[in-house]
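Reading through the structure tokens given below for one structure.
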Amino acid sequence: MTVAFFSGKGRRIGVALGAVSAGLLVLSACDKPTPLATVTVGSDSVNTEAACYDDGEAIKESLIQGCLNKKADKTVKISMDDKVRFGVDPEIAENGWTLFINGQQAEQEPYKNTYRTIPGNAFLASQTGETSKETTVSIVETKGKKLTGVWQFKFEKKD
């Protein structure tokens, strides 16, 4: 003997809820992830999606400083002698990218390659000549004079 667990109306409601849930799942999968930026020190690599990104469109002037001051999700441990390697997705390199250190632009001209190496001491030496314990490094994508993406990393000095 078979017993119906749900009435006809209950089955229709269940199917409708399932269809809505599946539709929402499909729509949420449509969000295009932001391009990645990667920092490699020795054999350790850390990558992150953008802290601020609007699908390649310019970030509003009023939001830029907030983006540059956002707390970095990823931490990289470096020493003065390390070679710090930066890598960006080709679409970032196509527009050009530059580094900001603690919210201040560190370079005047955007870099157009996907990969570059900079010595660790460039990020740990302060303007007073002392060694800093930590630094926020931002990779900033540019399009002409407009900023279109910001990726944040926190660099900590190895003990």
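Starting from 1 in every chain, residues are counted up; chains themselves are A, B, ... following the order of the structure tokens, and ligands are numbered from 1 as listed.
Every protein or nucleic acid residue with an atom no more than 10 Å from region 126-132 of chain A, counting only C-alpha atoms and leaving out same-chain residues fewer than 2 positions away, appears here: A:Met80, A:Asn121, A:Ala122, A:Phe123, A:Leu124, A:Glu134, A:Thr135, A:Phe155, A:Glu156, A:Lys157.
For region 58-91 of chain A, backbone-based DSSP assignment of strand (DSSP E) covers Lys74, Thr75, Val76, Lys77, Ile78, Lys83, Val84, Arg85, Phe86, Gly87 and Val88 of chain A.
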Let's have the selection written as a JSON list (two decimals), in the first residue's frame, with N, CA, C and O atoms.
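Below is the file that was written, result-v5.json:
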```json
[["chain", "number", "residue", "atom", "x", "y", "z"],
["A", 74, "LYS", "N", 44.62, 39.13, 3.02],
["A", 74, "LYS", "CA", 45.74, 38.20, 2.85],
["A", 74, "LYS", "C", 47.02, 38.80, 3.42],
["A", 74, "LYS", "O", 47.33, 39.97, 3.20],
["A", 75, "THR", "N", 47.78, 37.96, 4.13],
["A", 75, "THR", "CA", 49.04, 38.39, 4.74],
["A", 75, "THR", "C", 50.19, 37.60, 4.13],
["A", 75, "THR", "O", 50.09, 36.39, 3.92],
["A", 76, "VAL", "N", 51.28, 38.32, 3.86],
["A", 76, "VAL", "CA", 52.49, 37.73, 3.30],
["A", 76, "VAL", "C", 53.63, 38.06, 4.24],
["A", 76, "VAL", "O", 53.81, 39.22, 4.60],
["A", 77, "LYS", "N", 54.39, 37.05, 4.63],
["A", 77, "LYS", "CA", 55.56, 37.29, 5.50],
["A", 77, "LYS", "C", 56.79, 37.42, 4.62],
["A", 77, "LYS", "O", 57.04, 36.57, 3.77],
["A", 78, "ILE", "N", 57.53, 38.52, 4.83],
["A", 78, "ILE", "CA", 58.73, 38.77, 4.02],
["A", 78, "ILE", "C", 59.88, 39.21, 4.91],
["A", 78, "ILE", "O", 59.68, 39.66, 6.03],
["A", 83, "LYS", "N", 62.89, 38.23, -2.40],
["A", 83, "LYS", "CA", 62.42, 38.78, -3.66],
["A", 83, "LYS", "C", 60.91, 38.60, -3.65],
["A", 83, "LYS", "O", 60.42, 37.49, -3.49],
["A", 84, "VAL", "N", 60.18, 39.69, -3.78],
["A", 84, "VAL", "CA", 58.73, 39.66, -3.77],
["A", 84, "VAL", "C", 58.26, 39.71, -5.23],
["A", 84, "VAL", "O", 58.57, 40.65, -5.96],
["A", 85, "ARG", "N", 57.53, 38.68, -5.63],
["A", 85, "ARG", "CA", 57.06, 38.58, -7.02],
["A", 85, "ARG", "C", 55.57, 38.89, -7.07],
["A", 85, "ARG", "O", 54.79, 38.32, -6.32],
["A", 86, "PHE", "N", 55.20, 39.79, -7.95],
["A", 86, "PHE", "CA", 53.81, 40.17, -8.15],
["A", 86, "PHE", "C", 53.34, 39.62, -9.48],
["A", 86, "PHE", "O", 54.05, 39.71, -10.47],
["A", 87, "GLY", "N", 52.14, 39.08, -9.49],
["A", 87, "GLY", "CA", 51.54, 38.60, -10.74],
["A", 87, "GLY", "C", 50.10, 39.07, -10.81],
["A", 87, "GLY", "O", 49.39, 39.07, -9.80],
["A", 88, "VAL", "N", 49.67, 39.48, -11.99],
["A", 88, "VAL", "CA", 48.29, 39.93, -12.19],
["A", 88, "VAL", "C", 47.71, 39.24, -13.42],
["A", 88, "VAL", "O", 48.44, 38.81, -14.31]]
```
Give me, please, the distance in Å between CA of Gln108 (chain A) and CA of Leu36 (chain A), quoted to one decimal.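 A separation of 22.4 Å between them.
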Skip region 43-52 of chain A itself and residues of its chain fewer than 3 positions away, then list as an mmCIF file with all heavy atoms, in the first residue's frame all residues within 10 Å of it, counting only C-alpha atoms.
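Wrote around.cif, looks like this:
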```
data_model
loop_
_atom_site.group_PDB
_atom_site.id
_atom_site.type_symbol
_atom_site.label_atom_id
_atom_site.label_comp_id
_atom_site.auth_asym_id
_atom_site.auth_seq_id
_atom_site.Cartn_x
_atom_site.Cartn_y
_atom_site.Cartn_z
ATOM 1 N N PRO A 33 33.708 36.523 -11.214
ATOM 2 C CA PRO A 33 34.720 36.837 -10.204
ATOM 3 C C PRO A 33 35.663 37.922 -10.718
ATOM 4 O O PRO A 33 35.860 38.079 -11.916
ATOM 5 C CB PRO A 33 35.462 35.514 -10.004
ATOM 6 C CG PRO A 33 35.197 34.729 -11.243
ATOM 7 C CD PRO A 33 33.879 35.203 -11.786
ATOM 8 N N THR A 34 36.209 38.663 -9.786
ATOM 9 C CA THR A 34 37.157 39.702 -10.183
ATOM 10 C C THR A 34 38.462 39.046 -10.603
ATOM 11 O O THR A 34 38.755 37.915 -10.199
ATOM 12 C CB THR A 34 37.434 40.678 -9.024
ATOM 13 O OG1 THR A 34 38.109 39.987 -7.974
ATOM 14 C CG2 THR A 34 36.148 41.299 -8.500
ATOM 15 N N PRO A 35 39.259 39.727 -11.410
ATOM 16 C CA PRO A 35 40.580 39.185 -11.738
ATOM 17 C C PRO A 35 41.400 39.010 -10.457
ATOM 18 O O PRO A 35 41.145 39.680 -9.459
ATOM 19 C CB PRO A 35 41.197 40.267 -12.625
ATOM 20 C CG PRO A 35 40.061 41.113 -13.084
ATOM 21 C CD PRO A 35 39.004 41.011 -12.036
ATOM 22 N N LEU A 36 42.374 38.116 -10.506
ATOM 23 C CA LEU A 36 43.205 37.845 -9.329
ATOM 24 C C LEU A 36 44.538 38.566 -9.407
ATOM 25 O O LEU A 36 45.088 38.774 -10.488
ATOM 26 C CB LEU A 36 43.467 36.347 -9.207
ATOM 27 C CG LEU A 36 42.279 35.464 -8.909
ATOM 28 C CD1 LEU A 36 42.706 33.996 -8.901
ATOM 29 C CD2 LEU A 36 41.643 35.819 -7.588
ATOM 30 N N ALA A 37 45.051 38.898 -8.235
ATOM 31 C CA ALA A 37 46.421 39.386 -8.093
ATOM 32 C C ALA A 37 47.123 38.416 -7.140
ATOM 33 O O ALA A 37 46.519 37.934 -6.183
ATOM 34 C CB ALA A 37 46.439 40.799 -7.531
ATOM 35 N N THR A 38 48.389 38.135 -7.416
ATOM 36 C CA THR A 38 49.137 37.143 -6.647
ATOM 37 C C THR A 38 50.465 37.731 -6.184
ATOM 38 O O THR A 38 51.127 38.449 -6.928
ATOM 39 C CB THR A 38 49.424 35.903 -7.514
ATOM 40 O OG1 THR A 38 48.191 35.388 -8.004
ATOM 41 C CG2 THR A 38 50.151 34.822 -6.735
ATOM 42 N N VAL A 39 50.838 37.401 -4.953
ATOM 43 C CA VAL A 39 52.164 37.741 -4.432
ATOM 44 C C VAL A 39 52.846 36.433 -4.057
ATOM 45 O O VAL A 39 52.262 35.592 -3.380
ATOM 46 C CB VAL A 39 52.077 38.672 -3.204
ATOM 47 C CG1 VAL A 39 53.442 38.877 -2.582
ATOM 48 C CG2 VAL A 39 51.460 40.012 -3.581
ATOM 49 N N THR A 40 54.087 36.272 -4.514
ATOM 50 C CA THR A 40 54.867 35.072 -4.219
ATOM 51 C C THR A 40 56.184 35.480 -3.572
ATOM 52 O O THR A 40 56.889 36.353 -4.068
ATOM 53 C CB THR A 40 55.153 34.272 -5.504
ATOM 54 O OG1 THR A 40 53.908 33.957 -6.135
ATOM 55 C CG2 THR A 40 55.909 33.000 -5.209
ATOM 56 N N ASP A 55 33.845 45.728 -12.448
ATOM 57 C CA ASP A 55 33.888 45.108 -13.771
ATOM 58 C C ASP A 55 34.673 45.940 -14.781
ATOM 59 O O ASP A 55 34.269 46.107 -15.927
ATOM 60 C CB ASP A 55 32.475 44.824 -14.268
ATOM 61 C CG ASP A 55 32.448 43.717 -15.313
ATOM 62 O OD1 ASP A 55 33.381 42.896 -15.334
ATOM 63 O OD2 ASP A 55 31.505 43.687 -16.125
ATOM 64 N N ILE A 59 36.509 53.441 -10.579
ATOM 65 C CA ILE A 59 35.990 53.544 -9.218
ATOM 66 C C ILE A 59 35.695 55.018 -8.963
ATOM 67 O O ILE A 59 36.487 55.896 -9.322
ATOM 68 C CB ILE A 59 37.032 53.018 -8.202
ATOM 69 C CG1 ILE A 59 37.320 51.535 -8.465
ATOM 70 C CG2 ILE A 59 36.554 53.229 -6.776
ATOM 71 C CD1 ILE A 59 38.500 50.991 -7.678
ATOM 72 N N LEU A 63 35.185 56.998 -3.455
ATOM 73 C CA LEU A 63 35.416 55.680 -2.867
ATOM 74 C C LEU A 63 36.883 55.255 -2.864
ATOM 75 O O LEU A 63 37.248 54.305 -2.179
ATOM 76 C CB LEU A 63 34.596 54.630 -3.620
ATOM 77 C CG LEU A 63 33.083 54.825 -3.645
ATOM 78 C CD1 LEU A 63 32.431 53.751 -4.507
ATOM 79 C CD2 LEU A 63 32.520 54.795 -2.236
ATOM 80 N N ILE A 64 37.717 55.929 -3.634
ATOM 81 C CA ILE A 64 39.104 55.478 -3.826
ATOM 82 C C ILE A 64 39.874 55.389 -2.516
ATOM 83 O O ILE A 64 40.493 54.365 -2.224
ATOM 84 C CB ILE A 64 39.837 56.378 -4.842
ATOM 85 C CG1 ILE A 64 39.240 56.141 -6.234
ATOM 86 C CG2 ILE A 64 41.335 56.105 -4.827
ATOM 87 C CD1 ILE A 64 39.757 57.071 -7.302
ATOM 88 N N GLY A 66 38.835 55.065 0.502
ATOM 89 C CA GLY A 66 38.287 53.966 1.303
ATOM 90 C C GLY A 66 38.780 52.615 0.815
ATOM 91 O O GLY A 66 39.063 51.725 1.609
ATOM 92 N N CYS A 67 38.886 52.467 -0.496
ATOM 93 C CA CYS A 67 39.394 51.217 -1.073
ATOM 94 C C CYS A 67 40.857 51.008 -0.689
ATOM 95 O O CYS A 67 41.261 49.901 -0.335
ATOM 96 C CB CYS A 67 39.280 51.249 -2.594
ATOM 97 S SG CYS A 67 37.593 51.147 -3.205
ATOM 98 N N LEU A 68 41.640 52.072 -0.766
ATOM 99 C CA LEU A 68 43.066 51.963 -0.444
ATOM 100 C C LEU A 68 43.296 51.727 1.049
ATOM 101 O O LEU A 68 44.326 51.184 1.437
ATOM 102 C CB LEU A 68 43.809 53.219 -0.892
ATOM 103 C CG LEU A 68 43.916 53.396 -2.409
ATOM 104 C CD1 LEU A 68 44.456 54.780 -2.743
ATOM 105 C CD2 LEU A 68 44.786 52.319 -3.025
ATOM 106 N N ASN A 69 42.342 52.116 1.878
ATOM 107 C CA ASN A 69 42.477 51.946 3.329
ATOM 108 C C ASN A 69 41.809 50.686 3.851
ATOM 109 O O ASN A 69 41.865 50.423 5.046
ATOM 110 C CB ASN A 69 41.910 53.161 4.062
ATOM 111 C CG ASN A 69 42.744 54.394 3.832
ATOM 112 O OD1 ASN A 69 43.937 54.316 3.583
ATOM 113 N ND2 ASN A 69 42.112 55.553 3.897
ATOM 114 N N LYS A 70 41.182 49.908 2.970
ATOM 115 C CA LYS A 70 40.538 48.667 3.410
ATOM 116 C C LYS A 70 41.569 47.730 4.009
ATOM 117 O O LYS A 70 42.709 47.656 3.543
ATOM 118 C CB LYS A 70 39.861 47.959 2.227
ATOM 119 C CG LYS A 70 38.449 48.367 2.016
ATOM 120 C CD LYS A 70 37.789 47.455 1.000
ATOM 121 C CE LYS A 70 36.358 47.875 0.805
ATOM 122 N NZ LYS A 70 35.697 47.064 -0.202
ATOM 123 N N LYS A 71 41.137 46.981 5.006
ATOM 124 C CA LYS A 71 42.021 46.001 5.634
ATOM 125 C C LYS A 71 42.256 44.845 4.661
ATOM 126 O O LYS A 71 41.314 44.323 4.068
ATOM 127 C CB LYS A 71 41.373 45.496 6.917
ATOM 128 C CG LYS A 71 42.266 44.590 7.718
ATOM 129 C CD LYS A 71 41.625 44.215 9.026
ATOM 130 C CE LYS A 71 42.612 43.386 9.809
ATOM 131 N NZ LYS A 71 42.081 42.143 10.262
ATOM 132 N N ALA A 72 43.498 44.473 4.505
ATOM 133 C CA ALA A 72 43.853 43.365 3.614
ATOM 134 C C ALA A 72 43.422 42.037 4.222
ATOM 135 O O ALA A 72 43.595 41.805 5.416
ATOM 136 C CB ALA A 72 45.355 43.360 3.368
ATOM 137 N N ASP A 73 42.856 41.171 3.384
ATOM 138 C CA ASP A 73 42.449 39.838 3.824
ATOM 139 C C ASP A 73 43.629 38.867 3.842
ATOM 140 O O ASP A 73 43.615 37.886 4.562
ATOM 141 C CB ASP A 73 41.387 39.256 2.889
ATOM 142 C CG ASP A 73 40.056 39.962 3.036
ATOM 143 O OD1 ASP A 73 39.783 40.507 4.119
ATOM 144 O OD2 ASP A 73 39.284 39.953 2.058
ATOM 145 N N LYS A 74 44.622 39.134 3.017
ATOM 146 C CA LYS A 74 45.743 38.202 2.854
ATOM 147 C C LYS A 74 47.024 38.800 3.423
ATOM 148 O O LYS A 74 47.327 39.967 3.204
ATOM 149 C CB LYS A 74 45.953 37.873 1.377
ATOM 150 C CG LYS A 74 44.717 37.335 0.685
ATOM 151 C CD LYS A 74 44.349 35.958 1.204
ATOM 152 C CE LYS A 74 43.110 35.457 0.492
ATOM 153 N NZ LYS A 74 43.074 34.058 0.302
ATOM 154 N N THR A 75 47.783 37.958 4.130
ATOM 155 C CA THR A 75 49.041 38.389 4.739
ATOM 156 C C THR A 75 50.192 37.604 4.133
ATOM 157 O O THR A 75 50.094 36.393 3.921
ATOM 158 C CB THR A 75 49.005 38.160 6.266
ATOM 159 O OG1 THR A 75 47.921 38.914 6.807
ATOM 160 C CG2 THR A 75 50.298 38.596 6.919
ATOM 161 N N VAL A 76 51.276 38.318 3.859
ATOM 162 C CA VAL A 76 52.488 37.728 3.297
ATOM 163 C C VAL A 76 53.631 38.059 4.238
ATOM 164 O O VAL A 76 53.815 39.221 4.602
ATOM 165 C CB VAL A 76 52.774 38.310 1.892
ATOM 166 C CG1 VAL A 76 54.019 37.700 1.301
ATOM 167 C CG2 VAL A 76 51.582 38.120 0.977
ATOM 168 N N LYS A 77 54.392 37.051 4.634
ATOM 169 C CA LYS A 77 55.562 37.287 5.497
ATOM 170 C C LYS A 77 56.792 37.425 4.617
ATOM 171 O O LYS A 77 57.042 36.573 3.768
ATOM 172 C CB LYS A 77 55.724 36.151 6.496
ATOM 173 C CG LYS A 77 54.567 36.081 7.477
ATOM 174 C CD LYS A 77 54.953 35.310 8.711
ATOM 175 C CE LYS A 77 53.822 35.238 9.696
ATOM 176 N NZ LYS A 77 53.759 36.351 10.588
ATOM 177 N N ARG A 85 57.527 38.675 -5.631
ATOM 178 C CA ARG A 85 57.056 38.578 -7.016
ATOM 179 C C ARG A 85 55.568 38.886 -7.069
ATOM 180 O O ARG A 85 54.788 38.315 -6.319
ATOM 181 C CB ARG A 85 57.340 37.180 -7.553
ATOM 182 C CG ARG A 85 58.816 36.903 -7.663
ATOM 183 C CD ARG A 85 59.094 35.435 -8.002
ATOM 184 N NE ARG A 85 60.504 35.195 -8.140
ATOM 185 C CZ ARG A 85 61.316 34.909 -7.134
ATOM 186 N NH1 ARG A 85 60.844 34.843 -5.901
ATOM 187 N NH2 ARG A 85 62.601 34.709 -7.342
ATOM 188 N N PHE A 86 55.202 39.786 -7.953
ATOM 189 C CA PHE A 86 53.806 40.169 -8.148
ATOM 190 C C PHE A 86 53.335 39.618 -9.480
ATOM 191 O O PHE A 86 54.053 39.713 -10.475
ATOM 192 C CB PHE A 86 53.659 41.696 -8.172
ATOM 193 C CG PHE A 86 53.958 42.346 -6.864
ATOM 194 C CD1 PHE A 86 55.249 42.752 -6.548
ATOM 195 C CD2 PHE A 86 52.949 42.566 -5.932
ATOM 196 C CE1 PHE A 86 55.529 43.361 -5.336
ATOM 197 C CE2 PHE A 86 53.223 43.167 -4.714
ATOM 198 C CZ PHE A 86 54.522 43.566 -4.414
ATOM 199 N N GLY A 87 52.138 39.082 -9.495
ATOM 200 C CA GLY A 87 51.538 38.604 -10.737
ATOM 201 C C GLY A 87 50.096 39.066 -10.807
ATOM 202 O O GLY A 87 49.387 39.068 -9.798
ATOM 203 N N VAL A 88 49.670 39.484 -11.992
ATOM 204 C CA VAL A 88 48.288 39.928 -12.188
ATOM 205 C C VAL A 88 47.711 39.236 -13.417
ATOM 206 O O VAL A 88 48.443 38.806 -14.307
ATOM 207 C CB VAL A 88 48.193 41.466 -12.349
ATOM 208 C CG1 VAL A 88 48.682 42.179 -11.099
ATOM 209 C CG2 VAL A 88 48.946 41.951 -13.569
ATOM 210 N N SER A 138 49.102 47.731 -2.010
ATOM 211 C CA SER A 138 47.939 47.649 -2.894
ATOM 212 C C SER A 138 48.407 47.583 -4.333
ATOM 213 O O SER A 138 49.272 48.351 -4.742
ATOM 214 C CB SER A 138 47.053 48.884 -2.731
ATOM 215 O OG SER A 138 46.706 49.084 -1.387
ATOM 216 N N ILE A 139 47.841 46.652 -5.066
ATOM 217 C CA ILE A 139 48.010 46.623 -6.517
ATOM 218 C C ILE A 139 46.808 47.377 -7.071
ATOM 219 O O ILE A 139 45.665 47.045 -6.753
ATOM 220 C CB ILE A 139 48.056 45.176 -7.045
ATOM 221 C CG1 ILE A 139 49.302 44.467 -6.510
ATOM 222 C CG2 ILE A 139 48.007 45.158 -8.566
ATOM 223 C CD1 ILE A 139 49.377 42.996 -6.847
ATOM 224 N N VAL A 140 47.071 48.412 -7.852
ATOM 225 C CA VAL A 140 46.002 49.266 -8.344
ATOM 226 C C VAL A 140 45.993 49.240 -9.867
ATOM 227 O O VAL A 140 46.985 49.603 -10.508
ATOM 228 C CB VAL A 140 46.168 50.716 -7.824
ATOM 229 C CG1 VAL A 140 45.081 51.604 -8.382
ATOM 230 C CG2 VAL A 140 46.157 50.735 -6.299
ATOM 231 N N GLU A 141 44.871 48.790 -10.428
ATOM 232 C CA GLU A 141 44.698 48.791 -11.883
ATOM 233 C C GLU A 141 44.272 50.187 -12.315
ATOM 234 O O GLU A 141 43.444 50.822 -11.670
ATOM 235 C CB GLU A 141 43.634 47.777 -12.288
ATOM 236 C CG GLU A 141 43.379 47.726 -13.777
ATOM 237 C CD GLU A 141 42.269 46.763 -14.166
ATOM 238 O OE1 GLU A 141 41.544 46.272 -13.277
ATOM 239 O OE2 GLU A 141 42.137 46.497 -15.364
ATOM 240 N N LEU A 147 41.276 54.943 -11.681
ATOM 241 C CA LEU A 147 41.576 53.697 -10.985
ATOM 242 C C LEU A 147 40.385 52.763 -11.180
ATOM 243 O O LEU A 147 39.242 53.169 -10.975
ATOM 244 C CB LEU A 147 41.797 53.946 -9.498
ATOM 245 C CG LEU A 147 42.888 54.950 -9.119
ATOM 246 C CD1 LEU A 147 43.057 55.005 -7.611
ATOM 247 C CD2 LEU A 147 44.195 54.622 -9.785
ATOM 248 N N THR A 148 40.662 51.538 -11.589
ATOM 249 C CA THR A 148 39.571 50.603 -11.885
ATOM 250 C C THR A 148 39.550 49.372 -10.981
ATOM 251 O O THR A 148 38.577 48.622 -11.011
ATOM 252 C CB THR A 148 39.632 50.151 -13.358
ATOM 253 O OG1 THR A 148 40.914 49.586 -13.614
ATOM 254 C CG2 THR A 148 39.384 51.312 -14.295
ATOM 255 N N GLY A 149 40.594 49.147 -10.200
ATOM 256 C CA GLY A 149 40.611 48.001 -9.297
ATOM 257 C C GLY A 149 41.687 48.145 -8.243
ATOM 258 O O GLY A 149 42.730 48.755 -8.498
ATOM 259 N N VAL A 150 41.421 47.597 -7.053
ATOM 260 C CA VAL A 150 42.390 47.642 -5.950
ATOM 261 C C VAL A 150 42.439 46.263 -5.304
ATOM 262 O O VAL A 150 41.406 45.714 -4.917
ATOM 263 C CB VAL A 150 41.988 48.698 -4.887
ATOM 264 C CG1 VAL A 150 42.975 48.693 -3.728
ATOM 265 C CG2 VAL A 150 41.889 50.090 -5.500
ATOM 266 N N TRP A 151 43.633 45.710 -5.198
ATOM 267 C CA TRP A 151 43.894 44.428 -4.534
ATOM 268 C C TRP A 151 44.808 44.700 -3.355
ATOM 269 O O TRP A 151 45.841 45.360 -3.506
ATOM 270 C CB TRP A 151 44.556 43.443 -5.499
ATOM 271 C CG TRP A 151 43.647 42.996 -6.596
ATOM 272 C CD1 TRP A 151 42.989 41.803 -6.662
ATOM 273 C CD2 TRP A 151 43.290 43.706 -7.791
ATOM 274 N NE1 TRP A 151 42.244 41.744 -7.812
ATOM 275 C CE2 TRP A 151 42.407 42.897 -8.523
ATOM 276 C CE3 TRP A 151 43.614 44.960 -8.309
ATOM 277 C CZ2 TRP A 151 41.855 43.292 -9.740
ATOM 278 C CZ3 TRP A 151 43.074 45.352 -9.521
ATOM 279 C CH2 TRP A 151 42.201 44.527 -10.222
ATOM 280 N N GLN A 152 44.481 44.200 -2.181
ATOM 281 C CA GLN A 152 45.223 44.513 -0.952
ATOM 282 C C GLN A 152 45.976 43.295 -0.405
ATOM 283 O O GLN A 152 45.418 42.195 -0.355
ATOM 284 C CB GLN A 152 44.249 44.977 0.141
ATOM 285 C CG GLN A 152 43.442 46.186 -0.201
ATOM 286 C CD GLN A 152 44.223 47.459 -0.045
ATOM 287 O OE1 GLN A 152 45.314 47.595 -0.570
ATOM 288 N NE2 GLN A 152 43.671 48.406 0.671
ATOM 289 N N PHE A 153 47.193 43.544 0.040
ATOM 290 C CA PHE A 153 47.997 42.546 0.743
ATOM 291 C C PHE A 153 48.648 43.213 1.949
ATOM 292 O O PHE A 153 49.071 44.360 1.867
ATOM 293 C CB PHE A 153 49.117 41.991 -0.155
ATOM 294 C CG PHE A 153 48.610 41.224 -1.345
ATOM 295 C CD1 PHE A 153 48.383 41.860 -2.552
ATOM 296 C CD2 PHE A 153 48.363 39.866 -1.251
ATOM 297 C CE1 PHE A 153 47.926 41.166 -3.654
ATOM 298 C CE2 PHE A 153 47.897 39.155 -2.359
ATOM 299 C CZ PHE A 153 47.676 39.807 -3.554
#
```
Shell around Pro90 (chain A) at 8 Å using only C-alpha atoms, local window under 2 positions removed, as a PDB file with C-alpha atoms, in the first residue's frame:
```pdb
ATOM      1  CA  VAL A  88      48.288  39.928 -12.188  1.00  0.00           C
ATOM      2  CA  ILE A  92      44.861  43.982 -15.411  1.00  0.00           C
ATOM      3  CA  ALA A  93      48.210  44.180 -17.210  1.00  0.00           C
ATOM      4  CA  GLU A  94      46.526  45.295 -20.425  1.00  0.00           C
ATOM      5  CA  ASN A 113      53.381  43.212 -17.833  1.00  0.00           C
ATOM      6  CA  THR A 114      51.712  40.422 -15.880  1.00  0.00           C
TER       7      THR A 114
END
```
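Our summary of the geometry notes that CA of Ala58 (chain A) is positioned 26.9 Å from CA of Thr117 (chain A).
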